[in-house]
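For reference, the structure is listed below as structure tokens.
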Amino acid sequence: MMQRYLFYAVAQVFLPFFVVLFFIASIVLLIGLATVTQFIKLNIWDLAQIFLYSIPNGIFFIIPITFFCACVLGLSRLSFDYELLVFFSLGISPRKILLPFVGLSAFASIVLLFFSLALIPLSKSAYGNFMAQKRAEVNINIKAGEFGQKLGDWLVYADKAQDRHYEGLVLFSSNLESQETFIVASEGEMSNNEGVFTLLLRDGSAYFAAPNKVERADFAQMLVHTKIDEINLSSYDLWAYWKSAFEGSHSQARRLAQAIITSLFPIVSIFLIPLFGIANPRFHKNLSYVYLLLSVGGYFIAMHVLSQNAPFIGIFALPILWILGSYLLYRKFILRLY
């Protein structure tokens with residue numbers, strides 16, 4: 001009965017927090033996806049698929065913070081509504097109140113480990129494969145009046161664009177035989193043949209700038225071929241992905257440290273839940289929000305510093321020191337008084 005009562009108090013806080021943070025994360029993801037459509041045409045279903053691939057990474061940091069805050073604030077609300085004082089007067093100790101949160105925190109950490117070590121790498125691989133297919137299958141999205149648009153090695157500008165037909169085309173490249181090439185055409189059409197894009201230009205001029213001379217060639221028609229990155233689809237080996245962290249890849253070691261340390265946050269912060277949540281409303285002010293900001297900020301700043309400078313030491317040192325320090329504070333300020 002008490003366990004269900006505590007879980008209900010936590011759920012009342014967790015769900016609104018999670019929904020709000022997930023909504024904010026979704027907006028950020030959608031803004032980021034908008035940049036993809038600048039060069040590749042995607043329909044609404046393609047965007048939905050990319051969004052699904054991005055969700056695991058987007059909510060990974062939301063879950064531990066939301067869970068921890070919900071547990072503390074739910075317990076704090078019971079304290080300042082004098083409900084926990086009733087439990088203590090009935091002889092229920094802080095250990096019995098803490099016990100239901102142990103299993104819940106362990107479950108949250110297991111879910112986060114699955115997210116960080118398996119689901120996020122798999123979703124990134126699926127995202128990369130999906131984008132590689134779209135680059136080869138879908139027409140490059142050249143928009144009218146925009147600068148900096150790329151088609152292979154070419155920078156492309158068009159005055160007008162409708163489907164695959166363009167007018168007022170300007171192309172520039174500096175990677176062809178160590179010379180700069182500048183092409184102007186009145187119109188052109190694009191086709192895609194298995195990842196090889198062909199641009200048929202009409203009525204224009206091409207300028208070839210070498211170190212000591214500039215050559216001009218007028219044309220009635222010209223074909224420009226360019227090959228976009230080849231499709232590189234493969235199955236994903238999680239062991240091979242994380243193995244590089246132990247073979248000298250600092251960036252991968254940093255990712256591994258951040259994944260594990262973040263995933264362990266709910267369980268190593270278990271003693272902070274009663275420490276911040278249990279209080280006597282007659283003698284204490286409700287400072288749980290302040291404690292939450294300081295603890296969450298301190299943990300993730302320490303995680304960032306250690307993952308950058310000593311990732312493998314940080315995997316063990318930070319969780320161990322965090323849970324030991326929080327236990328000592330819990331024992332001094334909670335067990336001794338209640």
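Every chain in the structure tokens has a letter given in the order shown (A, B, ...), and although residue numbers restart at 1 in each chain, ligands are simply numbered from 1 in the order shown.
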
I'd like the neighbourhood of A:Gly325 as a ChimeraX atom specification, where a residue qualifies if any of its atoms comes within 12 Å (using only C-alpha atoms), though same-chain residues fewer than 5 positions away should be ignored.
/A:268-272,275,295,317-320,330-332

Quick one: residues within 6 Å of stretch 276-285 of chain A, only C-alpha atoms counted, chain neighbours fewer than 5 positions away excluded, as JSON, numbers by chain?
{"A": [72, 75, 76, 79, 80]}

Write to file, as a tab-separated table (two decimals), in the first residue's frame, the residues of the selection just made, with C-alpha atoms.
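File produced: selection_8.tsv:
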```
chain	number	residue	atom	x	y	z
A	72	VAL	CA	12.63	14.11	-5.12
A	75	LEU	CA	8.64	12.89	-1.87
A	76	SER	CA	9.06	16.57	-1.02
A	79	SER	CA	6.75	15.94	3.31
A	80	PHE	CA	5.34	19.45	3.13
```

Excluding stretch 59-66 of chain A and any residue of its chain fewer than 6 positions from it, enumerate the residues within 7 Å of it, using only C-alpha atoms, and give them as a VMD selection string.
chain A and resid 14 17 to 18 21 to 22 115 265 to 266

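Using only C-alpha atoms for every distance, the candidate list A:Arg336, A:Arg255, A:Lys124, A:Arg164 yields A:Lys124 as the residue closest to A:Ile55.
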
Test item, alpha helix (DSSP H) assignment across stretch 83-189 of chain A, answer as a PyMOL selection string:
chain A and resi 83-89+94-114+120-137

For the selection you just gave me, I'd like the residues written to a file as a short mmCIF file (atom, residue, chain, number, x, y, z; two decimals), in the first residue's frame, keeping N, CA and C atoms.
```cif
data_model
loop_
_atom_site.label_atom_id
_atom_site.label_comp_id
_atom_site.auth_asym_id
_atom_site.auth_seq_id
_atom_site.Cartn_x
_atom_site.Cartn_y
_atom_site.Cartn_z
N GLU A 83 2.31 14.42 5.15
CA GLU A 83 1.95 13.02 5.00
C GLU A 83 3.08 12.09 5.42
N LEU A 84 4.33 12.48 5.16
CA LEU A 84 5.44 11.65 5.61
C LEU A 84 5.56 11.67 7.13
N LEU A 85 5.17 12.77 7.77
CA LEU A 85 5.20 12.81 9.23
C LEU A 85 4.24 11.77 9.83
N VAL A 86 3.12 11.52 9.13
CA VAL A 86 2.19 10.49 9.57
C VAL A 86 2.85 9.11 9.48
N PHE A 87 3.59 8.88 8.39
CA PHE A 87 4.31 7.61 8.25
C PHE A 87 5.30 7.42 9.39
N PHE A 88 6.07 8.48 9.69
CA PHE A 88 7.07 8.36 10.76
C PHE A 88 6.40 8.15 12.12
N SER A 89 5.28 8.77 12.34
CA SER A 89 4.57 8.59 13.62
C SER A 89 4.01 7.19 13.76
N PRO A 94 12.87 5.78 7.49
CA PRO A 94 13.30 6.24 6.17
C PRO A 94 13.80 5.10 5.28
N ARG A 95 14.32 4.02 5.90
CA ARG A 95 14.79 2.88 5.09
C ARG A 95 13.63 2.24 4.33
N LYS A 96 12.46 2.12 4.97
CA LYS A 96 11.30 1.53 4.30
C LYS A 96 10.77 2.45 3.21
N ILE A 97 10.90 3.76 3.41
CA ILE A 97 10.49 4.69 2.37
C ILE A 97 11.46 4.65 1.19
N LEU A 98 12.74 4.45 1.49
CA LEU A 98 13.75 4.41 0.44
C LEU A 98 13.66 3.13 -0.39
N LEU A 99 13.27 2.02 0.24
CA LEU A 99 13.33 0.72 -0.42
C LEU A 99 12.59 0.66 -1.75
N PRO A 100 11.37 1.19 -1.89
CA PRO A 100 10.71 1.12 -3.21
C PRO A 100 11.45 1.85 -4.31
N PHE A 101 12.20 2.90 -3.94
CA PHE A 101 12.92 3.67 -4.95
C PHE A 101 14.17 2.94 -5.45
N VAL A 102 14.67 1.97 -4.66
CA VAL A 102 15.87 1.24 -5.08
C VAL A 102 15.58 0.44 -6.35
N GLY A 103 14.50 -0.35 -6.32
CA GLY A 103 14.15 -1.13 -7.51
C GLY A 103 13.79 -0.26 -8.69
N LEU A 104 13.11 0.85 -8.43
CA LEU A 104 12.72 1.76 -9.51
C LEU A 104 13.95 2.41 -10.15
N SER A 105 14.91 2.82 -9.31
CA SER A 105 16.13 3.44 -9.83
C SER A 105 16.99 2.45 -10.59
N ALA A 106 17.07 1.21 -10.08
CA ALA A 106 17.83 0.18 -10.79
C ALA A 106 17.22 -0.10 -12.16
N PHE A 107 15.90 -0.16 -12.22
CA PHE A 107 15.22 -0.39 -13.50
C PHE A 107 15.50 0.77 -14.47
N ALA A 108 15.45 2.01 -13.96
CA ALA A 108 15.73 3.18 -14.81
C ALA A 108 17.15 3.12 -15.36
N SER A 109 18.12 2.74 -14.54
CA SER A 109 19.50 2.66 -15.01
C SER A 109 19.69 1.55 -16.04
N ILE A 110 18.99 0.42 -15.86
CA ILE A 110 19.08 -0.67 -16.84
C ILE A 110 18.52 -0.22 -18.19
N VAL A 111 17.38 0.47 -18.16
CA VAL A 111 16.79 0.99 -19.39
C VAL A 111 17.74 1.97 -20.08
N LEU A 112 18.37 2.83 -19.29
CA LEU A 112 19.29 3.82 -19.85
C LEU A 112 20.54 3.15 -20.44
N LEU A 113 21.02 2.09 -19.80
CA LEU A 113 22.16 1.35 -20.36
C LEU A 113 21.79 0.72 -21.70
N PHE A 114 20.59 0.20 -21.80
CA PHE A 114 20.13 -0.35 -23.08
C PHE A 114 20.07 0.74 -24.14
N ILE A 120 20.92 3.63 -29.13
CA ILE A 120 21.42 4.85 -29.76
C ILE A 120 22.41 4.55 -30.89
N PRO A 121 23.42 3.67 -30.68
CA PRO A 121 24.29 3.34 -31.83
C PRO A 121 23.53 2.72 -33.00
N LEU A 122 22.54 1.86 -32.72
CA LEU A 122 21.77 1.26 -33.80
C LEU A 122 20.95 2.30 -34.55
N SER A 123 20.36 3.23 -33.82
CA SER A 123 19.57 4.27 -34.48
C SER A 123 20.45 5.20 -35.30
N LYS A 124 21.67 5.48 -34.84
CA LYS A 124 22.59 6.30 -35.62
C LYS A 124 22.99 5.58 -36.90
N SER A 125 23.21 4.27 -36.81
CA SER A 125 23.56 3.50 -38.00
C SER A 125 22.40 3.49 -38.99
N ALA A 126 21.18 3.30 -38.49
CA ALA A 126 20.00 3.30 -39.37
C ALA A 126 19.83 4.67 -40.02
N TYR A 127 20.08 5.73 -39.26
CA TYR A 127 19.98 7.09 -39.80
C TYR A 127 21.00 7.29 -40.92
N GLY A 128 22.24 6.85 -40.69
CA GLY A 128 23.28 7.00 -41.72
C GLY A 128 22.95 6.22 -42.98
N ASN A 129 22.45 4.98 -42.83
CA ASN A 129 22.08 4.18 -44.00
C ASN A 129 20.91 4.81 -44.76
N PHE A 130 19.95 5.33 -44.01
CA PHE A 130 18.79 5.95 -44.65
C PHE A 130 19.21 7.17 -45.47
N MET A 131 20.08 8.01 -44.90
CA MET A 131 20.52 9.20 -45.62
C MET A 131 21.37 8.83 -46.83
N ALA A 132 22.17 7.76 -46.72
CA ALA A 132 22.98 7.32 -47.87
C ALA A 132 22.08 6.87 -49.01
N GLN A 133 21.00 6.17 -48.69
CA GLN A 133 20.06 5.76 -49.72
C GLN A 133 19.40 6.96 -50.39
N LYS A 134 19.01 7.93 -49.58
CA LYS A 134 18.33 9.11 -50.13
C LYS A 134 19.25 9.92 -51.02
N ARG A 135 20.53 9.97 -50.68
CA ARG A 135 21.46 10.72 -51.52
C ARG A 135 21.58 10.09 -52.91
N ALA A 136 21.44 8.77 -52.96
CA ALA A 136 21.59 8.07 -54.23
C ALA A 136 20.28 7.96 -54.99
N GLU A 137 19.15 7.99 -54.28
CA GLU A 137 17.86 7.73 -54.91
C GLU A 137 17.06 8.99 -55.18
#
```
